[in-house]
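This report refers to the structure that appears directly beneath it.
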Amino acid sequence: MRKGRGLRTYTIFYLIFLYAPIVLLPLFAFNDSKIIAFPLKGFTTDWFVALWHKTELHQAVLKSLIIAVTTAVFATALGVFAARAGTKYRFRGKGPVLGFIMLPLVLPDIIVAVSLLVVLLRIGMGLGMTAAILGHVVICLPFAIAILNSAFSSLDQSLEEAAYDLGETPFSAFRLVILPLVMPGIISSLLITFTISLDEYIIASFLVGTEETLPVYLFNQMTKNSREIPVVLALGTVLVLFSILLLGIAEYFRRRGIARTGGKDTGGFL
Amino acid sequence: MASAERFGKWRRSEGLRGWLMVSPTALYALAFLAVPLVAIVALSFVSQTGVVTYDYTPTWKNYIEAFVEPQYRALILRSVIISLAVTALTVLTAFPVAYFISFHVTPSRKSLWLFLITIPFWTSYLIRVFLWKVILGYNGVVNSALLWLGVIDEPLGWINYNANAVVLTLAHAYAPFAILPIFVALEKIDRSLLEAGQDLGETRFQTFLRVTLPLAVPGVVAAVLIVFIPTIGDYVTPRLIGGKDGTMIANLIQSQFLRQNNAPLGSALAVISMITVAAISLVFVFLNRKNMRGGQ
Amino acid sequence: MTPNPLIDLRAVQKYYGDYHALRGIDLTIHQGEFFSLLGPSGCGKTTLLRTIAGFEDVSSGVVMIDGKSMEGVPANHRPTNMVFQSYAIFPHLTVAQNVGFGLRKDPRSKADKDKAVVEALAMVGLAGYGDRAANALSGGQRQRVALARALILEPKVLLLDEPLSALDKKMREQMQHELRRLQRQVGITFILVTHDQEEALIMSDRIAVMFEGEIAQLADPQTLYRRPVSRRVAEFIGVMNFLPCEVTQGAGDAIEVNLPGLGHATLQPDQCPSGGVPGTGSVGVRPEAMSILFEGEAASGQIAQAEVVEVIYYGDMTYYEVRFDAVEAPVTISMKNIVGRPVLERGDKARVSWDARSLVLFC
């Protein structure tokens, strides 16, 4: 076990490396200095208070929430169709079609951004929140499908047949049996696509036009306004807490889903 | 009559039901992914004549410019080198972590460890990158802490606003992407194979080299692809902490579209980056195939 | 009691692409019988069951249930219910909700439906389990819930797709007897798919043995065991020894065969399913149809000399492999270990008695 101990130490250092920035975040968000440097000065909540008075930030948060909720609903709904088709039916061309839908997983986001920009401008559709939603659904779909696929494929096919056999129509069988069983997967897909959209910068910056979303606002603060750094860190602290909360909820539902269908936990979202 | 019957059969067939089911998603991907991708490929063969005027005669002009202009050529090359460096660093440092979780953690706690590793990934990417900027900056956390502790006399220059900082930040961002596929590959290894290796008189280390490592190759290749592909197109990290010689191809594409207002050249650069990614990825996939065949 | 036809399959064919899963099945299953479809995996027995249930369309041919063609009738409108191999218990519902699942559109009052659920659970021996989570049940209990859930709808036919294959040996034997008892109690036609020949013999009124999408033999258990129509059926059902023989006279009521080392035998027509054609063939004989004569035991048929080459002791039985003088392959004989009867050893000489009535001729 000597070898195992060395690896354990290494892994713990690795985790420290992974968490270091996030741990520093609240440290400097509560630090009473505009300069982000050691030694720490004193404790303050000024930077958090400042967040309350920034109306353009509140506007940006609202827009991002609208975009993220809409994206999550559409990506998950479209993901249900694809995951159901992929797990239930065998048909010619299934691999290429699903593979193509999953393509954004290996496509740099900037390509999705510029290509959509070109087309949307060409067809005369203005930029704005709708355009950003269209782009976000494209990049969120692969994640939604991956999560929903595992939810649908852990279902025993004979459960659905049993429902038909007991007198249900395909529609009512879906509603009474399939939907309740994949609901945890649907919820974690909603949460994860919501998180991705909420955090997405590059596509939003291309497609959103003059409507600043939260990441666009953040990015502009980071690049232009160096006096505001502690405020940005305070905002970051809030965002990180919020995403950890969402992630906890998503993990809870994922585990519950596995427990429900009687499967075995294989861990991780990816 | 016969064709009507065949139509009736097809209407009830699994194939049609599958296509109907997938069609909303497929149509969406067609409209907002396939059409736009075709559009930028088409646009990359157009030449810009004025601010909003184009000459639609197909031309290689944009591609020639992208390769001839030394600044562009250097940037494309640098993007590839930075991405490869990030990939190598990430995968090499991730492997021991994946190995530890797969082989030295009791099964019931594995998902907890994986969860711990994935948490940072789900927090805001922008914030994480920005934090590295703050940490590595000239007057940043690392320099100020080292100065304060008296380790150095003046701030270190080589850790900020350059390619090194970009590599470190990206390696941090993509760590879970590298760990998970390697972990999955290691988990699939039948533990009795390792016992067999030692039973046949090999040391632990020999068994690792001759059994574990070859079987982990598919996971390593997946990790390489999953890190390499998105990093080459990353925009935020080079823009925020890359400084002058840390910029990458995505920054160039962005500036062609939004600042220089030369969408055709931007499209050509986008197509070049896609082709570069695809070509390098195929090399890795090919190497993996060869390895698998050798193993049989 | 004259049997009442309930299910009629006529020339049923099923293709999956190029794969010919069912090759012209003609079959009549009667009201109230326990019928088994028996065969190795991939023989088409499950496909046949699923065409009756309505989960698979037939490529050609007719499926009739209770006099009505089932063409175009989906599974939810057929008078059949199924117990699935995986039981398909809805994991998000309680036991009572599972059992009452099919009563959703039933016009009865809620109280009546609840009563029906309680009765169905009692019938399968799960009284008081209604409020349990379906997830918390053992394999045997899931099986019972699946039975109750199907039987509560009072189907004309209950279809059972390898329902016992997931249970351990003891549980399986218990459920075999219980299923048989339940079938007699409710009087519904049961169609069981199984690959376990012993299970089929124990439970069924009639058995259809299937190979490669065709029915090889359709008979009651005793006929199937004693008079298999082909070597393949004989090998699939229990153990059978095959001895080379010469058919000397094939026509008429008495077929004469010459068995090297054992002598002559005269067979009745029912012992020759494929007819008696003069020439070489083989006869089949079950291990228990031959016996070794111990001291003081009288022969009930003909006698031959043999040598014991292997002894396998099972406690209640002993299996001997013996070699007759003129037969190359050893023959297996099973003997009950009754009080006072010794167990022979390898190399011992043995007198073997056999009866011509227990032979089956395969040409």
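Going through the structure tokens in order, the chains are called A, B, and so on, while each chain numbers its residues from 1 and the ligands are numbered from 1 in the order shown.
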
Nearby residues (only C-alpha atoms) at most 8 Å from Leu160 (chain C), same-chain spacing under 2 positions excluded, as a ChimeraX atom specification: /C:82-85,158,162-163,190-193

Would you give me, as a VMD selection string, the residues of chain C that come within 12 Å of chain A, using only C-alpha atoms? chain C and resid 50 52 to 56 73 to 93 97 to 106 133 to 137 146 to 155 157 to 159 161

Pick out the residues sitting within 6 Å of Met210 (chain C), and hand them over as a list in words; count only C-alpha atoms, and ignore anything fewer than 3 positions along from it in its own chain. Gly39, Cys43, Glu214, Ile215 and Ala216 of chain C

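We find CA of Pro278 (chain C) and CA of Cys245 (chain C) to be spaced 10.4 Å apart.
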
Spatial neighbours of region 168-174 of chain B, 10 Å, only C-alpha atoms, chain gap at least 3 places, as a PyMOL selection string: (chain A and resi 14+17-19+21) or (chain B and resi 82-83+85-91+93-94+120-121+125+128-133+136+159+163-165+177-179+223+226-228+230-231+234+237-238+241-242)

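Going from CA of Ala234 (chain A) over to CA of Gly246 (chain B), you cover 27.6 Å.
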
List the neighbours of Leu103 (chain A) out to 9 Å using only C-alpha atoms; skip same-chain residues closer than 3 positions along the sequence, and give me the result as a ChimeraX atom specification. /A:98-100,106-107,139,142 /B:33

Next, dump the selected residues to file, keeping only N, CA and C atoms, as a PDB file, in the first residue's frame.
ATOM      1  N   LEU A  98     -27.579  11.298 -34.942  1.00  0.00           N
ATOM      2  CA  LEU A  98     -27.294  11.597 -33.543  1.00  0.00           C
ATOM      3  C   LEU A  98     -25.869  12.120 -33.389  1.00  0.00           C
ATOM      4  N   GLY A  99     -24.961  11.549 -34.161  1.00  0.00           N
ATOM      5  CA  GLY A  99     -23.580  12.021 -34.120  1.00  0.00           C
ATOM      6  C   GLY A  99     -23.490  13.482 -34.500  1.00  0.00           C
ATOM      7  N   PHE A 100     -24.240  13.875 -35.515  1.00  0.00           N
ATOM      8  CA  PHE A 100     -24.209  15.266 -35.949  1.00  0.00           C
ATOM      9  C   PHE A 100     -24.772  16.196 -34.872  1.00  0.00           C
ATOM     10  N   VAL A 106     -17.531  18.657 -29.799  1.00  0.00           N
ATOM     11  CA  VAL A 106     -16.142  18.696 -30.262  1.00  0.00           C
ATOM     12  C   VAL A 106     -15.909  19.870 -31.212  1.00  0.00           C
ATOM     13  N   LEU A 107     -16.815  20.834 -31.183  1.00  0.00           N
ATOM     14  CA  LEU A 107     -16.682  21.987 -32.066  1.00  0.00           C
ATOM     15  C   LEU A 107     -16.400  23.194 -31.179  1.00  0.00           C
ATOM     16  N   ILE A 139     -25.447  24.337 -28.381  1.00  0.00           N
ATOM     17  CA  ILE A 139     -24.333  23.772 -27.599  1.00  0.00           C
ATOM     18  C   ILE A 139     -24.804  22.988 -26.369  1.00  0.00           C
ATOM     19  N   PRO A 142     -26.069  18.507 -26.841  1.00  0.00           N
ATOM     20  CA  PRO A 142     -25.293  17.288 -26.574  1.00  0.00           C
ATOM     21  C   PRO A 142     -25.270  16.905 -25.093  1.00  0.00           C
TER      22      PRO A 142
ATOM     23  N   LEU B  33     -27.282  24.401 -37.016  1.00  0.00           N
ATOM     24  CA  LEU B  33     -25.913  23.904 -36.942  1.00  0.00           C
ATOM     25  C   LEU B  33     -25.391  23.591 -38.343  1.00  0.00           C
TER      26      LEU B  33
END

Taking 4 positions as the minimum chain separation for residues in the same chain, which residues sit within 12 Å of Ala219 (chain C) when counting only C-alpha atoms? Answer as a list of chain:residue names. C:Leu27, C:Thr28, C:Ile29, C:Phe35, C:Ser36, C:Leu37, C:Leu38, C:Ala200, C:Leu201, C:Ser204, C:Asp205, C:Arg206, C:Ile207, C:Ala208, C:Val209, C:Met210, C:Ile215, C:Thr223, C:Leu224, C:Tyr225, C:Arg226, C:Arg227, C:Pro228, C:Val229, C:Val233

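Residues of chain C lying within 12 Å of chain B, counting only C-alpha atoms, are Tyr16, Gly17, Glu56, Asp57, Val58, Ser59, Gly72 and Pro74 of chain C.
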
Between B:Gln254, B:Thr49, B:Thr276, B:Thr203, which residue has the minimum interatomic distance to chain A, considering only C-alpha atoms? B:Gln254

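Closest approach to chain B from the set A:Val69, A:Leu57, A:Cys140, A:Val118 is made by A:Val118, with distances taken over only C-alpha atoms.
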
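If you measure from each of A:Ala82, A:Ala50, A:Leu62, A:Ala113 to chain B using only C-alpha atoms, the closest one turns out to be A:Ala82.
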
Residues flagged helix (DSSP H, G or I) by DSSP in region 68-279 of chain B, as a ChimeraX atom specification: /B:68,70-104,107-118,120-122,125-136,141-149,163-173,175-188,191-199,204-232,236-241,249-258,263-279
